[in-house]
Amino acid sequence: EKWFYEGKKKRGGIKLYSDLAILTSLVLKEVYKLTYRACQGLVASIFELLKLEHFKIPDYTTICRRAKNLKVNLGNTVKPGEKVCVLVDSTGIKIQGETEWYLQKHRKLSRQKWKKLHISMDHATHQILSAITTDSHVHDATYFGDLINEINTKVNIDTIIGDGCYSLHTSHVHAQRRGARLVAPPHINSRKKCENTDYRHKPETPMRDEAIDYVRQFDTFEEGLKAWKQDSSYNY
């Protein structure tokens, strides 16, 4: 129903297709790395499979011409000065080289190469605020400071949520420097700043120490961690 243009008619050339039709074609072109002519053919093939041959589709010149002035709504984005809750995590990316097909064909084993992608994302809008790629053996907390510093300074970070690998003293220090509080579950062998001589001359991290004290109140670490997650709204 929204494939054809239904807006106000103006002087000059008449629009036949809606912005949605042009945007759909451009998305297919970008995803499959096609030329404009190939994009037109792909859209025609899809309509043929859907048994919609009678529907007209935009030709490649129309797609190219309309793409210059097409307005795209990217959805909700983080506004400057607005307090946001940032989620941090990492994932693995497999590297596929030009020899991948050769190894599969001849059934030869090789050591797979992986990269680790560190991401920070706004909890409300799911907008990616920063991203860093490292080797697979790098610990997540190693680049936590760089990941936070990559976020635009106009973004007002209120809370940072991450898993247990970010519960280190250095991670809390980086969060405090950005004016945010880090919510990360402590480890079973976590020690407070006053209990570790290596941290004697380093900044205080009250959020981390409070989490450790909270967990230690219970008989077992599992009970304390579960209660801390409920009290801090972690994973809820």
# chains A, B, ... in the order shown; residues from 1 in each chain; ligands from 1

$ residues_around --residues "region 62-79 of chain A" --least-positions-apart "5" --cutoff "8 Å" --atoms "only C-alpha atoms" --output "list in words"
Asp19, Ile22, Leu23, Ser25, Leu26, Tyr36, Val84, Asp122, Thr125, Gln127 and Val155 of chain A

$ closest_atom_pairs --of "region 78-177 of chain A" --to "region 229-236 of chain A" --cutoff "12 Å" --atoms "only C-alpha atoms" --output "Markdown table"
| residue | atom | partner | partner_atom | distance |
| --- | --- | --- | --- | --- |
| A:Leu87 | CA | A:Asn235 | CA | 11.0 |
| A:His123 | CA | A:Asn235 | CA | 11.8 |
| A:Thr159 | CA | A:Tyr234 | CA | 11.4 |
| A:Ile160 | CA | A:Tyr234 | CA | 10.9 |
| A:Ile161 | CA | A:Tyr234 | CA | 7.8 |
| A:Gly162 | CA | A:Tyr234 | CA | 9.1 |
| A:Asp163 | CA | A:Tyr234 | CA | 9.4 |
| A:Gly164 | CA | A:Tyr234 | CA | 11.3 |

$ write_last_selection --atoms "C-alpha atoms" --output "compact mmCIF listing (two decimals), in the first residue's frame"
# COMPACT_ATOMS: atom_id res chain seq x y z
CA LEU A 87 25.90 -1.13 28.35
CA HIS A 123 20.30 1.06 26.92
CA THR A 159 25.39 4.54 34.71
CA ILE A 160 27.58 1.93 33.03
CA ILE A 161 26.50 -1.72 33.25
CA GLY A 162 28.82 -4.62 32.45
CA ASP A 163 29.49 -8.19 33.46
CA GLY A 164 31.94 -9.40 36.10

$ select_by_dssp --residues "region 21-161 of chain A" --states "alpha helix (DSSP H)" --output "VMD selection string"
chain A and resid 21 to 31 36 to 49 60 to 67 100 to 105 144 to 149

$ residues_around --residues "Thr205 (chain A)" --least-positions-apart "4" --cutoff "9 Å" --atoms "only C-alpha atoms" --output "list in words"
His169, His172, Val173, Gln176, Lys192, Lys193, Asp209 and Glu210 of chain A

$ write_last_selection --atoms "all heavy atoms" --output "mmCIF file, in the first residue's frame"
data_model
loop_
_atom_site.group_PDB
_atom_site.id
_atom_site.type_symbol
_atom_site.label_atom_id
_atom_site.label_comp_id
_atom_site.auth_asym_id
_atom_site.auth_seq_id
_atom_site.Cartn_x
_atom_site.Cartn_y
_atom_site.Cartn_z
ATOM 1 N N HIS A 169 39.313 -2.612 39.763
ATOM 2 C CA HIS A 169 39.497 -1.281 40.334
ATOM 3 C C HIS A 169 39.715 -0.249 39.242
ATOM 4 O O HIS A 169 39.161 0.865 39.286
ATOM 5 C CB HIS A 169 40.697 -1.303 41.291
ATOM 6 C CG HIS A 169 40.999 0.017 41.913
ATOM 7 N ND1 HIS A 169 41.828 0.948 41.304
ATOM 8 C CD2 HIS A 169 40.584 0.583 43.070
ATOM 9 C CE1 HIS A 169 41.921 2.016 42.075
ATOM 10 N NE2 HIS A 169 41.174 1.828 43.145
ATOM 11 N N HIS A 172 36.438 0.909 37.516
ATOM 12 C CA HIS A 172 35.666 1.856 38.320
ATOM 13 C C HIS A 172 36.302 3.247 38.283
ATOM 14 O O HIS A 172 35.590 4.262 38.279
ATOM 15 C CB HIS A 172 35.564 1.351 39.757
ATOM 16 C CG HIS A 172 34.535 0.295 39.957
ATOM 17 N ND1 HIS A 172 33.240 0.578 40.332
ATOM 18 C CD2 HIS A 172 34.607 -1.050 39.816
ATOM 19 C CE1 HIS A 172 32.553 -0.548 40.431
ATOM 20 N NE2 HIS A 172 33.360 -1.546 40.126
ATOM 21 N N VAL A 173 37.622 3.310 38.242
ATOM 22 C CA VAL A 173 38.307 4.598 38.172
ATOM 23 C C VAL A 173 37.980 5.304 36.855
ATOM 24 O O VAL A 173 37.688 6.500 36.825
ATOM 25 C CB VAL A 173 39.830 4.417 38.326
ATOM 26 C CG1 VAL A 173 40.559 5.734 38.054
ATOM 27 C CG2 VAL A 173 40.164 3.918 39.724
ATOM 28 N N GLN A 176 34.464 6.675 37.037
ATOM 29 C CA GLN A 176 34.367 7.857 37.894
ATOM 30 C C GLN A 176 34.921 9.097 37.205
ATOM 31 O O GLN A 176 34.394 10.203 37.381
ATOM 32 C CB GLN A 176 35.122 7.596 39.198
ATOM 33 C CG GLN A 176 34.449 6.577 40.095
ATOM 34 C CD GLN A 176 35.273 6.246 41.336
ATOM 35 O OE1 GLN A 176 34.842 5.476 42.187
ATOM 36 N NE2 GLN A 176 36.469 6.806 41.453
ATOM 37 N N LYS A 192 38.814 -5.286 48.547
ATOM 38 C CA LYS A 192 38.634 -3.846 48.553
ATOM 39 C C LYS A 192 39.987 -3.141 48.428
ATOM 40 O O LYS A 192 41.039 -3.746 48.569
ATOM 41 C CB LYS A 192 37.920 -3.413 49.830
ATOM 42 C CG LYS A 192 36.517 -3.976 49.969
ATOM 43 C CD LYS A 192 35.775 -3.340 51.126
ATOM 44 C CE LYS A 192 36.433 -3.672 52.465
ATOM 45 N NZ LYS A 192 35.663 -3.120 53.596
ATOM 46 N N LYS A 193 39.923 -1.835 48.171
ATOM 47 C CA LYS A 193 41.142 -1.069 47.988
ATOM 48 C C LYS A 193 42.024 -1.108 49.234
ATOM 49 O O LYS A 193 43.246 -1.249 49.148
ATOM 50 C CB LYS A 193 40.803 0.381 47.650
ATOM 51 C CG LYS A 193 42.006 1.307 47.514
ATOM 52 C CD LYS A 193 41.577 2.714 47.184
ATOM 53 C CE LYS A 193 42.795 3.634 47.105
ATOM 54 N NZ LYS A 193 43.489 3.751 48.409
ATOM 55 N N ASP A 209 33.765 -1.076 46.489
ATOM 56 C CA ASP A 209 33.914 -1.538 47.877
ATOM 57 C C ASP A 209 32.560 -1.856 48.507
ATOM 58 O O ASP A 209 32.424 -2.831 49.265
ATOM 59 C CB ASP A 209 34.646 -0.476 48.709
ATOM 60 C CG ASP A 209 36.088 -0.300 48.255
ATOM 61 O OD1 ASP A 209 36.580 -1.176 47.506
ATOM 62 O OD2 ASP A 209 36.727 0.704 48.643
ATOM 63 N N GLU A 210 31.551 -1.043 48.188
ATOM 64 C CA GLU A 210 30.211 -1.298 48.731
ATOM 65 C C GLU A 210 29.638 -2.608 48.191
ATOM 66 O O GLU A 210 28.982 -3.354 48.935
ATOM 67 C CB GLU A 210 29.279 -0.134 48.378
ATOM 68 C CG GLU A 210 29.599 1.158 49.112
ATOM 69 C CD GLU A 210 28.718 2.302 48.655
ATOM 70 O OE1 GLU A 210 27.821 2.044 47.822
ATOM 71 O OE2 GLU A 210 28.938 3.436 49.111
#

$ atom_distance --atom1 "CA of Asp140 (chain A)" --atom2 "CA of His126 (chain A)"
20.2 Å

$ residues_around --residues "Ile14 (chain A)" --least-positions-apart "4" --cutoff "12 Å" --atoms "only C-alpha atoms" --output "short mmCIF file (atom, residue, chain, number, x, y, z; two decimals) with all heavy atoms, in the first residue's frame"
data_model
loop_
_atom_site.label_atom_id
_atom_site.label_comp_id
_atom_site.auth_asym_id
_atom_site.auth_seq_id
_atom_site.Cartn_x
_atom_site.Cartn_y
_atom_site.Cartn_z
N PHE A 4 3.71 3.21 -3.56
CA PHE A 4 3.59 4.34 -4.48
C PHE A 4 3.39 5.64 -3.71
O PHE A 4 2.89 5.65 -2.58
CB PHE A 4 2.43 4.12 -5.45
CG PHE A 4 2.62 2.92 -6.34
CD1 PHE A 4 1.97 1.73 -6.07
CD2 PHE A 4 3.45 3.00 -7.44
CE1 PHE A 4 2.15 0.63 -6.87
CE2 PHE A 4 3.64 1.90 -8.26
CZ PHE A 4 2.98 0.71 -7.98
N TYR A 5 3.77 6.73 -4.33
CA TYR A 5 3.70 8.04 -3.70
C TYR A 5 2.26 8.51 -3.62
O TYR A 5 1.52 8.46 -4.61
CB TYR A 5 4.53 9.04 -4.51
CG TYR A 5 4.51 10.44 -3.95
CD1 TYR A 5 5.23 10.77 -2.81
CD2 TYR A 5 3.78 11.45 -4.59
CE1 TYR A 5 5.22 12.05 -2.31
CE2 TYR A 5 3.77 12.73 -4.09
CZ TYR A 5 4.49 13.04 -2.95
OH TYR A 5 4.48 14.31 -2.44
N GLU A 6 1.85 8.96 -2.43
CA GLU A 6 0.48 9.42 -2.22
C GLU A 6 0.43 10.82 -1.63
O GLU A 6 -0.60 11.24 -1.11
CB GLU A 6 -0.26 8.45 -1.28
CG GLU A 6 -0.40 7.04 -1.84
CD GLU A 6 -1.12 6.11 -0.89
OE1 GLU A 6 -1.33 6.54 0.28
OE2 GLU A 6 -1.44 4.98 -1.27
N GLY A 7 1.54 11.54 -1.69
CA GLY A 7 1.58 12.89 -1.12
C GLY A 7 1.02 13.94 -2.07
O GLY A 7 0.38 13.63 -3.09
N LYS A 8 1.28 15.18 -1.72
CA LYS A 8 0.77 16.29 -2.53
C LYS A 8 1.53 16.37 -3.85
O LYS A 8 2.73 16.18 -3.90
CB LYS A 8 0.92 17.61 -1.77
CG LYS A 8 0.06 17.69 -0.51
CD LYS A 8 0.23 19.04 0.17
CE LYS A 8 -0.63 19.13 1.43
NZ LYS A 8 -0.46 20.44 2.10
N LYS A 9 0.80 16.65 -4.90
CA LYS A 9 1.42 16.79 -6.20
C LYS A 9 1.96 18.20 -6.37
O LYS A 9 1.31 19.17 -6.02
CB LYS A 9 0.40 16.49 -7.30
CG LYS A 9 -0.08 15.05 -7.30
CD LYS A 9 -1.05 14.79 -8.45
CE LYS A 9 -1.50 13.34 -8.45
NZ LYS A 9 -2.44 13.05 -9.57
N LYS A 10 3.17 18.30 -6.89
CA LYS A 10 3.82 19.59 -7.10
C LYS A 10 4.15 19.77 -8.58
O LYS A 10 4.07 18.83 -9.36
CB LYS A 10 5.09 19.68 -6.25
CG LYS A 10 4.85 19.56 -4.76
CD LYS A 10 6.16 19.66 -4.00
CE LYS A 10 5.93 19.52 -2.49
NZ LYS A 10 7.20 19.61 -1.74
N SER A 18 7.09 5.92 -3.56
CA SER A 18 7.23 6.54 -2.24
C SER A 18 8.68 6.46 -1.78
O SER A 18 9.51 5.73 -2.35
CB SER A 18 6.33 5.83 -1.23
OG SER A 18 6.75 4.48 -1.05
N THR A 62 15.95 6.16 -11.50
CA THR A 62 15.08 6.76 -10.49
C THR A 62 15.65 6.57 -9.09
O THR A 62 15.64 7.49 -8.26
CB THR A 62 13.67 6.14 -10.56
OG1 THR A 62 13.13 6.35 -11.86
CG2 THR A 62 12.75 6.76 -9.52
#
